[in-house]
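input.csv, holding CSV, C-alpha atoms and all ligand atoms:
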chain,number,residue,atom,x,y,z
I,1,MET,CA,48.0,-30.4,-69.1
I,2,PRO,CA,50.1,-33.1,-67.5
I,3,ASP,CA,53.6,-33.4,-69.1
I,4,LYS,CA,53.1,-37.1,-69.5
I,5,ILE,CA,50.1,-36.6,-71.8
I,6,THR,CA,52.0,-33.9,-73.8
I,7,GLN,CA,54.9,-36.3,-74.2
I,8,LEU,CA,52.6,-39.1,-75.2
I,9,LEU,CA,51.0,-37.0,-77.9
I,10,GLU,CA,54.3,-36.0,-79.2
I,11,ASP,CA,55.4,-39.6,-79.4
I,12,ILE,CA,52.3,-40.6,-81.2
I,13,GLN,CA,52.9,-37.8,-83.7
I,14,ALA,CA,56.5,-38.9,-84.1
I,15,GLY,CA,55.2,-42.3,-85.2
I,16,SER,CA,55.6,-44.4,-82.1
I,17,TYR,CA,53.2,-47.3,-82.2
I,18,LYS,CA,53.9,-48.0,-78.6
I,19,ALA,CA,52.7,-44.5,-77.7
I,20,LEU,CA,49.7,-44.9,-80.1
I,21,ALA,CA,48.7,-48.2,-78.4
I,22,ARG,CA,49.0,-46.5,-75.0
I,23,GLY,CA,46.9,-43.5,-76.2
I,24,ILE,CA,44.2,-45.8,-77.5
I,25,THR,CA,44.1,-47.8,-74.2
I,26,ILE,CA,43.9,-44.6,-72.2
I,27,VAL,CA,40.9,-43.5,-74.3
I,28,GLU,CA,39.3,-46.9,-74.5
I,29,ASN,CA,39.3,-47.4,-70.8
I,30,GLU,CA,38.9,-43.8,-69.8
I,31,ILE,CA,42.1,-43.9,-67.7
I,32,ALA,CA,43.4,-40.8,-66.0
I,33,GLY,CA,44.6,-38.3,-68.6
I,34,TYR,CA,41.9,-39.4,-71.1
I,35,GLU,CA,40.1,-36.1,-71.4
I,36,GLU,CA,43.4,-34.1,-71.4
I,37,LEU,CA,44.6,-36.2,-74.3
I,38,LEU,CA,41.5,-35.7,-76.4
I,39,GLN,CA,41.2,-32.0,-75.6
I,40,SER,CA,44.8,-31.4,-76.6
I,41,LEU,CA,44.5,-33.0,-80.1
I,42,PRO,CA,45.3,-30.5,-82.7
I,43,ASN,CA,42.8,-30.0,-85.5
I,44,ASN,CA,43.9,-32.6,-88.1
I,45,THR,CA,42.5,-31.6,-91.4
I,46,THR,CA,43.8,-34.6,-93.4
I,47,ASN,CA,41.1,-36.6,-95.1
I,48,ASN,CA,42.3,-40.1,-94.6
I,49,VAL,CA,39.6,-42.1,-92.6
I,50,VAL,CA,37.9,-44.7,-94.6
I,51,GLY,CA,34.9,-46.5,-93.0
I,52,ILE,CA,34.0,-49.9,-94.3
I,53,THR,CA,30.6,-51.1,-93.2
I,54,GLY,CA,28.2,-53.8,-94.4
I,55,PRO,CA,26.4,-56.9,-93.2
I,56,PRO,CA,28.1,-59.6,-91.2
I,57,GLY,CA,30.3,-61.8,-93.3
I,58,ALA,CA,30.2,-59.6,-96.4
I,59,GLY,CA,34.0,-59.9,-96.7
I,60,LYS,CA,34.9,-56.6,-95.1
I,61,SER,CA,38.0,-57.9,-93.3
I,62,THR,CA,39.1,-59.7,-96.4
I,63,LEU,CA,38.7,-56.5,-98.4
I,64,VAL,CA,40.5,-54.5,-95.8
I,65,SER,CA,43.4,-57.0,-95.8
I,66,ALA,CA,43.6,-56.8,-99.6
I,67,LEU,CA,43.6,-53.0,-99.6
I,68,LEU,CA,46.2,-53.0,-96.8
I,69,GLN,CA,48.5,-55.2,-98.9
I,70,PHE,CA,47.9,-53.0,-102.0
I,71,TRP,CA,48.7,-49.7,-100.2
I,72,THR,CA,51.7,-51.0,-98.3
I,73,SER,CA,53.2,-52.3,-101.5
I,74,GLN,CA,53.2,-48.7,-102.5
I,75,ASN,CA,55.0,-47.8,-99.3
I,76,LYS,CA,51.9,-46.1,-97.8
I,77,LYS,CA,51.5,-46.1,-94.1
I,78,VAL,CA,48.1,-47.7,-93.1
I,79,ALA,CA,46.2,-48.1,-89.9
I,80,VAL,CA,43.3,-50.5,-89.4
I,81,ILE,CA,40.8,-50.3,-86.7
I,82,ALA,CA,38.4,-53.3,-86.5
I,83,VAL,CA,35.3,-52.8,-84.3
I,84,ASP,CA,33.9,-55.9,-82.8
I,85,PRO,CA,34.7,-58.4,-85.5
I,86,SER,CA,32.0,-61.0,-85.4
I,87,SER,CA,33.6,-63.6,-87.6
I,88,PRO,CA,36.4,-65.9,-86.4
I,89,PHE,CA,38.7,-64.5,-89.0
I,90,ASN,CA,41.2,-62.0,-87.6
I,91,TYR,CA,43.6,-59.9,-89.7
I,92,GLY,CA,46.5,-62.2,-88.7
I,93,ALA,CA,44.8,-65.2,-90.3
I,94,LEU,CA,43.7,-63.1,-93.3
I,95,LEU,CA,47.1,-61.8,-94.0
I,96,GLY,CA,48.2,-65.2,-94.9
I,97,ASP,CA,50.9,-67.5,-93.6
I,98,ARG,CA,52.9,-66.9,-90.5
I,99,ILE,CA,55.8,-65.3,-92.2
I,100,ARG,CA,53.5,-62.9,-94.0
I,101,MET,CA,51.7,-62.1,-90.8
I,102,ASN,CA,54.9,-61.4,-89.0
I,103,GLU,CA,55.9,-59.2,-91.8
I,104,PHE,CA,52.8,-57.2,-91.2
I,105,TYR,CA,52.8,-57.1,-87.5
I,106,ASN,CA,56.4,-55.9,-87.6
I,107,ASN,CA,55.9,-53.7,-90.6
I,108,GLU,CA,56.5,-50.1,-89.6
I,109,ASN,CA,53.9,-49.0,-92.2
I,110,VAL,CA,51.1,-51.0,-90.6
I,111,TYR,CA,49.2,-50.5,-87.4
I,112,ILE,CA,46.3,-52.9,-86.6
I,113,ARG,CA,44.0,-52.6,-83.6
I,114,SER,CA,40.8,-54.4,-82.7
I,115,LEU,CA,38.2,-52.9,-80.4
I,116,ALA,CA,35.4,-54.7,-78.6
I,117,SER,CA,32.2,-52.8,-78.5
I,118,ARG,CA,30.9,-54.8,-75.6
I,119,GLY,CA,31.8,-53.0,-72.4
I,120,ALA,CA,32.7,-49.9,-74.2
I,121,LEU,CA,32.3,-47.0,-71.8
I,122,GLY,CA,29.8,-44.3,-72.8
I,123,GLY,CA,28.7,-45.8,-76.1
I,124,LEU,CA,30.4,-47.3,-79.0
I,125,SER,CA,30.2,-44.5,-81.5
I,126,LYS,CA,31.7,-42.1,-79.1
I,127,LYS,CA,34.6,-44.5,-78.5
I,128,ILE,CA,35.2,-45.0,-82.2
I,129,ILE,CA,35.2,-41.3,-82.8
I,130,GLU,CA,37.7,-40.7,-80.0
I,131,ILE,CA,40.0,-43.5,-80.9
I,132,THR,CA,40.0,-42.6,-84.6
I,133,ASP,CA,40.9,-39.1,-83.7
I,134,VAL,CA,43.9,-40.3,-81.7
I,135,VAL,CA,44.9,-42.6,-84.6
I,136,ARG,CA,44.6,-39.5,-86.9
I,137,GLN,CA,47.6,-38.1,-85.1
I,138,GLY,CA,49.8,-41.0,-86.2
I,139,MET,CA,50.5,-39.5,-89.6
I,140,PHE,CA,49.0,-42.4,-91.6
I,141,ASP,CA,48.3,-42.1,-95.2
I,142,ILE,CA,45.1,-44.1,-94.8
I,143,ILE,CA,43.1,-45.2,-91.7
I,144,LEU,CA,40.6,-48.0,-92.4
I,145,VAL,CA,37.8,-48.5,-89.9
I,146,GLU,CA,35.8,-51.7,-90.2
I,147,THR,CA,32.4,-52.0,-88.5
I,148,VAL,CA,29.7,-54.5,-88.9
I,149,GLY,CA,26.7,-52.7,-90.3
I,150,VAL,CA,23.5,-53.5,-88.5
I,151,GLY,CA,21.0,-50.7,-88.8
I,152,GLN,CA,22.1,-47.7,-87.0
I,153,SER,CA,25.8,-48.4,-87.1
I,154,GLU,CA,26.1,-47.7,-90.8
I,155,VAL,CA,24.9,-44.2,-90.0
I,156,GLU,CA,27.3,-43.9,-87.1
I,157,ILE,CA,30.3,-44.8,-89.2
I,158,ALA,CA,29.3,-42.3,-91.8
I,159,GLY,CA,29.6,-39.6,-89.2
I,160,LEU,CA,33.2,-40.5,-88.6
I,161,ALA,CA,34.7,-41.4,-91.9
I,162,ASP,CA,35.9,-39.1,-94.7
I,163,CYS,CA,34.9,-41.8,-97.1
I,164,THR,CA,32.3,-44.4,-96.3
I,165,ILE,CA,32.2,-47.7,-98.2
I,166,VAL,CA,29.2,-49.8,-98.0
I,167,THR,CA,29.9,-53.4,-98.8
I,168,LEU,CA,27.2,-55.6,-100.1
I,169,VAL,CA,27.1,-59.2,-101.3
I,170,PRO,CA,25.1,-60.5,-104.3
I,171,GLU,CA,22.5,-62.1,-102.1
I,172,ALA,CA,21.6,-58.6,-100.9
I,173,GLY,CA,19.8,-58.0,-104.1
I,174,ASP,CA,16.4,-58.7,-102.7
I,175,GLU,CA,16.8,-56.6,-99.6
I,176,ILE,CA,18.2,-53.7,-101.5
I,177,GLN,CA,14.8,-51.9,-101.8
I,178,THR,CA,14.4,-51.9,-98.0
I,179,LEU,CA,17.9,-50.8,-97.5
I,180,LYS,CA,17.6,-48.1,-100.0
I,181,ALA,CA,16.9,-45.0,-98.0
I,182,GLY,CA,19.5,-45.4,-95.4
I,183,ILE,CA,22.4,-46.7,-97.4
I,184,MET,CA,22.0,-44.4,-100.3
I,185,GLU,CA,22.5,-41.5,-98.0
I,186,ILE,CA,25.7,-42.6,-96.4
I,187,ALA,CA,27.6,-44.5,-99.1
I,188,ASP,CA,30.4,-42.6,-100.8
I,189,ILE,CA,31.3,-45.8,-102.6
I,190,PHE,CA,29.5,-49.1,-103.0
I,191,ILE,CA,31.5,-52.3,-103.2
I,192,ILE,CA,29.8,-55.5,-104.3
I,193,ASN,CA,32.1,-58.2,-102.9
I,194,LYS,CA,31.9,-61.9,-103.6
I,195,ALA,CA,31.4,-60.9,-107.3
I,196,ASP,CA,32.4,-64.5,-108.1
I,197,ARG,CA,28.8,-65.4,-107.2
I,198,ASP,CA,25.7,-65.4,-109.4
I,199,ALA,CA,23.5,-62.4,-109.0
I,200,ALA,CA,26.4,-60.0,-108.6
I,201,ASP,CA,25.6,-58.5,-112.0
I,202,ALA,CA,22.0,-58.0,-111.2
I,203,LEU,CA,22.8,-56.2,-108.0
I,204,TYR,CA,25.4,-54.2,-109.8
I,205,ALA,CA,22.8,-53.1,-112.4
I,206,ASN,CA,20.3,-52.2,-109.7
I,207,LEU,CA,22.7,-50.2,-107.6
I,208,ARG,CA,23.9,-48.3,-110.7
I,209,ILE,CA,20.3,-47.3,-111.4
I,210,MET,CA,19.7,-46.3,-107.8
I,211,ALA,CA,23.0,-44.4,-107.6
I,212,HIS,CA,22.1,-42.5,-110.8
I,213,GLU,CA,18.6,-41.6,-109.7
I,214,ARG,CA,20.0,-40.3,-106.5
I,215,ALA,CA,22.8,-38.3,-108.1
I,216,ASN,CA,20.3,-35.9,-109.6
I,217,GLY,CA,22.8,-34.3,-111.9
I,218,ASP,CA,25.7,-34.7,-109.6
I,219,LYS,CA,28.3,-37.4,-110.0
I,220,ASP,CA,26.9,-40.9,-109.4
I,221,THR,CA,28.1,-42.8,-106.4
I,222,PRO,CA,30.7,-45.3,-107.7
I,223,VAL,CA,29.6,-48.9,-107.7
I,224,LEU,CA,32.5,-51.4,-107.8
I,225,LYS,CA,32.7,-55.2,-107.9
I,226,THR,CA,35.4,-57.1,-106.0
I,227,ILE,CA,36.4,-60.7,-105.3
I,228,ALA,CA,38.4,-59.9,-102.1
I,229,THR,CA,39.6,-63.4,-101.7
I,230,LYS,CA,41.3,-63.3,-105.1
I,231,LYS,CA,42.3,-59.6,-104.8
I,232,ASP,CA,40.2,-58.9,-107.9
I,233,GLY,CA,39.1,-55.3,-108.3
I,234,ILE,CA,41.3,-54.1,-105.4
I,235,GLU,CA,43.3,-51.6,-107.4
I,236,GLU,CA,40.1,-50.1,-108.8
I,237,ALA,CA,38.7,-49.9,-105.3
I,238,ALA,CA,41.8,-48.2,-103.9
I,239,THR,CA,41.8,-45.7,-106.8
I,240,ALA,CA,38.1,-44.8,-106.2
I,241,ILE,CA,38.8,-44.3,-102.4
I,242,GLU,CA,41.8,-42.1,-103.1
I,243,SER,CA,40.0,-40.1,-105.6
I,244,HIS,CA,37.2,-39.5,-103.1
I,245,LEU,CA,39.6,-38.6,-100.3
I,246,ASN,CA,41.5,-36.2,-102.6
I,247,ASN,CA,38.5,-34.3,-103.8
I,248,SER,CA,39.1,-31.2,-101.7
I,249,GLU,CA,36.0,-29.4,-102.8
I,250,ARG,CA,33.7,-32.2,-101.6
I,251,ALA,CA,35.8,-32.6,-98.5
I,252,THR,CA,35.3,-29.0,-97.4
I,253,THR,CA,31.6,-29.3,-97.7
I,254,LYS,CA,31.5,-32.6,-96.0
I,255,ARG,CA,33.7,-31.4,-93.2
I,256,VAL,CA,31.2,-29.3,-91.4
I,257,GLN,CA,28.6,-32.0,-91.8
I,258,LEU,CA,31.0,-34.6,-90.4
I,259,LEU,CA,32.1,-32.5,-87.4
I,260,THR,CA,28.4,-31.7,-86.6
I,261,GLU,CA,27.6,-35.4,-86.7
I,262,LYS,CA,30.6,-36.2,-84.5
I,263,CYS,CA,29.9,-33.4,-82.0
I,264,TRP,CA,26.3,-34.6,-81.8
I,265,HIS,CA,27.4,-38.1,-80.8
I,266,LEU,CA,29.8,-36.7,-78.2
I,267,ILE,CA,27.1,-34.5,-76.6
I,268,GLN,CA,24.6,-37.2,-76.7
I,269,SER,CA,26.8,-39.7,-74.9
I,270,ALA,CA,27.9,-37.0,-72.4
I,271,ARG,CA,24.3,-36.3,-71.6
I,272,MET,CA,23.4,-39.9,-71.3
I,273,LYS,CA,26.4,-40.7,-69.2
I,274,ASP,CA,24.6,-41.4,-65.9
I,275,ILE,CA,21.8,-43.3,-67.5
I,276,ASP,CA,22.0,-47.0,-68.1
I,277,LYS,CA,19.2,-49.2,-69.3
I,278,GLN,CA,19.7,-51.7,-66.5
I,279,GLY,CA,19.2,-49.0,-63.8
I,280,LEU,CA,16.3,-47.6,-65.7
I,281,LYS,CA,14.7,-51.1,-65.8
I,282,GLN,CA,15.2,-51.4,-62.1
I,283,GLU,CA,13.6,-48.1,-61.4
I,284,ILE,CA,10.6,-48.9,-63.6
I,285,SER,CA,10.1,-52.3,-61.9
I,286,ASN,CA,10.4,-50.7,-58.5
I,287,THR,CA,7.8,-48.0,-59.2
I,288,LEU,CA,5.5,-49.6,-61.7
I,289,ASP,CA,2.9,-50.7,-59.2
I,290,GLN,CA,3.0,-47.6,-57.2
I,291,GLN,CA,0.1,-45.2,-57.3
I,292,GLY,CA,0.7,-42.4,-59.8
I,293,PHE,CA,3.2,-44.2,-61.9
I,294,ASN,CA,3.7,-42.2,-65.1
I,295,ILE,CA,6.3,-42.8,-67.7
I,296,TYR,CA,6.5,-39.1,-68.7
I,297,LEU,CA,7.2,-38.0,-65.1
I,298,LEU,CA,9.8,-40.8,-64.9
I,299,ALA,CA,11.5,-39.7,-68.1
I,300,LYS,CA,11.6,-36.1,-66.9
I,301,LYS,CA,13.4,-37.2,-63.7
I,302,PHE,CA,16.3,-38.4,-65.9
I,303,SER,CA,16.4,-35.5,-68.3
Q,401,LIG,N1,33.4,-66.4,-102.5
Q,401,LIG,C1,33.9,-65.3,-101.9
Q,401,LIG,N2,34.1,-65.4,-100.6
Q,401,LIG,C2,34.6,-64.3,-99.9
Q,401,LIG,C3,35.0,-63.2,-100.6
Q,401,LIG,N3,35.5,-62.3,-99.8
Q,401,LIG,C4,35.4,-62.9,-98.5
Q,401,LIG,N4,34.9,-64.1,-98.6
Q,401,LIG,C5,34.7,-65.0,-97.5
Q,401,LIG,O1,33.6,-64.6,-96.7
Q,401,LIG,C6,33.8,-65.0,-95.4
Q,401,LIG,C7,33.7,-63.8,-94.5
Q,401,LIG,O2,34.8,-62.9,-94.7
Q,401,LIG,P1,35.2,-61.8,-93.7
Q,401,LIG,O3,36.2,-60.9,-94.4
Q,401,LIG,O4,35.5,-62.3,-92.4
Q,401,LIG,O5,33.8,-60.9,-93.6
Q,401,LIG,P2,33.5,-59.7,-92.7
Q,401,LIG,O6,32.5,-58.9,-93.4
Q,401,LIG,O7,34.7,-59.1,-92.2
Q,401,LIG,O8,32.8,-60.5,-91.5
Q,401,LIG,P3,32.4,-59.8,-90.0
Q,401,LIG,O9,33.5,-58.9,-89.6
Q,401,LIG,O10,32.3,-61.0,-89.2
Q,401,LIG,O11,31.1,-59.1,-90.2
Q,401,LIG,C8,35.2,-65.7,-95.3
Q,401,LIG,O12,35.0,-67.0,-95.4
Q,401,LIG,C9,35.9,-65.1,-96.6
Q,401,LIG,O13,36.8,-66.0,-97.1
Q,401,LIG,C10,34.8,-63.1,-102.1
Q,401,LIG,O14,35.1,-62.2,-102.8
Q,401,LIG,N5,34.3,-64.2,-102.6
Q,402,MG,MG,35.4,-58.6,-90.3

Is it possible to give me this structure as C-alpha cells?
Amino acid sequence: MPDKITQLLEDIQAGSYKALARGITIVENEIAGYEELLQSLPNNTTNNVVGITGPPGAGKSTLVSALLQFWTSQNKKVAVIAVDPSSPFNYGALLGDRIRMNEFYNNENVYIRSLASRGALGGLSKKIIEITDVVRQGMFDIILVETVGVGQSEVEIAGLADCTIVTLVPEAGDEIQTLKAGIMEIADIFIINKADRDAADALYANLRIMAHERANGDKDTPVLKTIATKKDGIEEAATAIESHLNNSERATTKRVQLLTEKCWHLIQSARMKDIDKQGLKQEISNTLDQQGFNIYLLAKKFS
C-alpha cells in the first residue's frame, strides 16, 4: 500500500477533518489510491450510522440540524452526510444565523459533507457505502446520513445504516397503505415530522397499529412525533436512536444482514461497471432493425 494512503488513513483516524475531506474526495472521484484506501479500512464495529430517509421536503435536514445541535450540546462528535439535497435549504442556512453557522463549521465536533448523486461513478449506493465507511474511521459518536427516499433509495439506505429512520409527514396518511410493505421492513424508527399540522395524530395512530401488527410479539418499531422547526420531540428522537444503536444483541444479528446487503451492492456495481444505459440504448438502436435482433441474445452479450 502506498505510504501516502497509509498516512491519510492514520490522519483520518486521528481526527483530521482535512484528511477526511481528502479521503472522501479520493473515493468520490475514484482518484488514484481509491481502492487501496478502501481495502485498508480496518473493520470498524461501532454502531453509529443513522440513516434518515423520507419523501422530499419532509423536514429531514431540519431534523438532522436539530439532532446535530442536541448532540453537540452534549459534547458528542457528529458527522453529517447529505446525499443530493433537493431543497434549497442547506445545513448552513438551517443552522441559523451566520455566527451560529460559523460556530458549526469551525466546531471540532461537527463535520458536514454534501454529496451529489448525479455524476457519481459506479452508482450512488456504492458511493454512499464507500464514503460512509471512510467517515466511520473518523471516530464520530454519531454519523447522520440524509437521503431523499424515492422508492428504491429507502431500501438502499437501510443496507448501510445501523439505524434507519423513516420520516413521514401528516399528509402521508393516505399513501401509507401503499408504502406499507417497503417501509415497514426497513424502518427502525418512524418519525412523523411537521406534527404541528392536522392529521398528525391520525397518521400516528395508524402507524402505531401497523408497527404493532408487524412486531408479532417482538418490540414494536417506535413511532415518534416531532416539530423539527421548533425542536419539539428532538430529545425523545435522540434517545430512541441511541437506544437502538446501543442494543448490542440486535446489532449483532443485524450486522451480518447489513454486511450482506452492502457486499451485494458492491458486487452489483462492480459487475455493472462497463455497462451504461446510454451505450446500451445506442447498441439497441443500431441493431434493432437488423435481421435476427433478439433482446435475450443482446443481454447475454453484456452478461
Ligand atoms: N410546519 C413545519 N414545517 C417544517 C417542519 N420541519 C421542517 N419544516 C419545513 O419544511 C421544509 C422542508 O424542510 P427540509 O428540512 O429542507 O426538508 P428535507 O426533507 O430535508 O427536504 P429535501 O432534502 O429537499 O428532500 C422547510 O420549509 C422547513 O422549514 C415542521 O416540523 N413543521
Ligand atoms: Mg434535505

* Closest of I:Glu36, I:Glu213, I:Asp232, I:Glu283 to ligand LIG 401 (chain Q) - atom-to-atom distances counting only C-alpha atoms and all ligand atoms -> I:Asp232

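The closest residue to ligand MG 402 (chain Q), picked from I:Pro222, I:Gly15, I:Pro55, I:Gly138 and counting only C-alpha atoms and all ligand atoms, is I:Pro55.
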
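We find atom C2 of ligand LIG 401 (chain Q) and CA of Leu63 in chain I to be spaced 8.9 Å apart.
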
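Between ligand LIG 401 (chain Q) and the candidates I:Ser61, I:Ser303, I:Thr53, I:Thr221, the tightest atom-to-atom separation, counting all atoms listed in the file, involves I:Ser61.
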
Quick one: residues within 7 Å of ligand LIG 401 (chain Q), with only C-alpha atoms and all ligand atoms, as an mmCIF file with C-alpha atoms, in the coordinates of the input?
data_model
loop_
_atom_site.group_PDB
_atom_site.id
_atom_site.type_symbol
_atom_site.label_atom_id
_atom_site.label_comp_id
_atom_site.auth_asym_id
_atom_site.auth_seq_id
_atom_site.Cartn_x
_atom_site.Cartn_y
_atom_site.Cartn_z
ATOM 1 C CA GLY I 54 28.200 -53.800 -94.400
ATOM 2 C CA PRO I 55 26.400 -56.900 -93.200
ATOM 3 C CA PRO I 56 28.100 -59.600 -91.200
ATOM 4 C CA GLY I 57 30.300 -61.800 -93.300
ATOM 5 C CA ALA I 58 30.200 -59.600 -96.400
ATOM 6 C CA GLY I 59 34.000 -59.900 -96.700
ATOM 7 C CA LYS I 60 34.900 -56.600 -95.100
ATOM 8 C CA SER I 61 38.000 -57.900 -93.300
ATOM 9 C CA THR I 62 39.100 -59.700 -96.400
ATOM 10 C CA LEU I 63 38.700 -56.500 -98.400
ATOM 11 C CA PRO I 85 34.700 -58.400 -85.500
ATOM 12 C CA SER I 86 32.000 -61.000 -85.400
ATOM 13 C CA SER I 87 33.600 -63.600 -87.600
ATOM 14 C CA PRO I 88 36.400 -65.900 -86.400
ATOM 15 C CA PHE I 89 38.700 -64.500 -89.000
ATOM 16 C CA VAL I 148 29.700 -54.500 -88.900
ATOM 17 C CA ASN I 193 32.100 -58.200 -102.900
ATOM 18 C CA LYS I 194 31.900 -61.900 -103.600
ATOM 19 C CA ALA I 195 31.400 -60.900 -107.300
ATOM 20 C CA ASP I 196 32.400 -64.500 -108.100
ATOM 21 C CA ARG I 197 28.800 -65.400 -107.200
ATOM 22 C CA THR I 226 35.400 -57.100 -106.000
ATOM 23 C CA ILE I 227 36.400 -60.700 -105.300
ATOM 24 C CA ALA I 228 38.400 -59.900 -102.100
ATOM 25 C CA THR I 229 39.600 -63.400 -101.700
ATOM 26 C CA LYS I 230 41.300 -63.300 -105.100
#
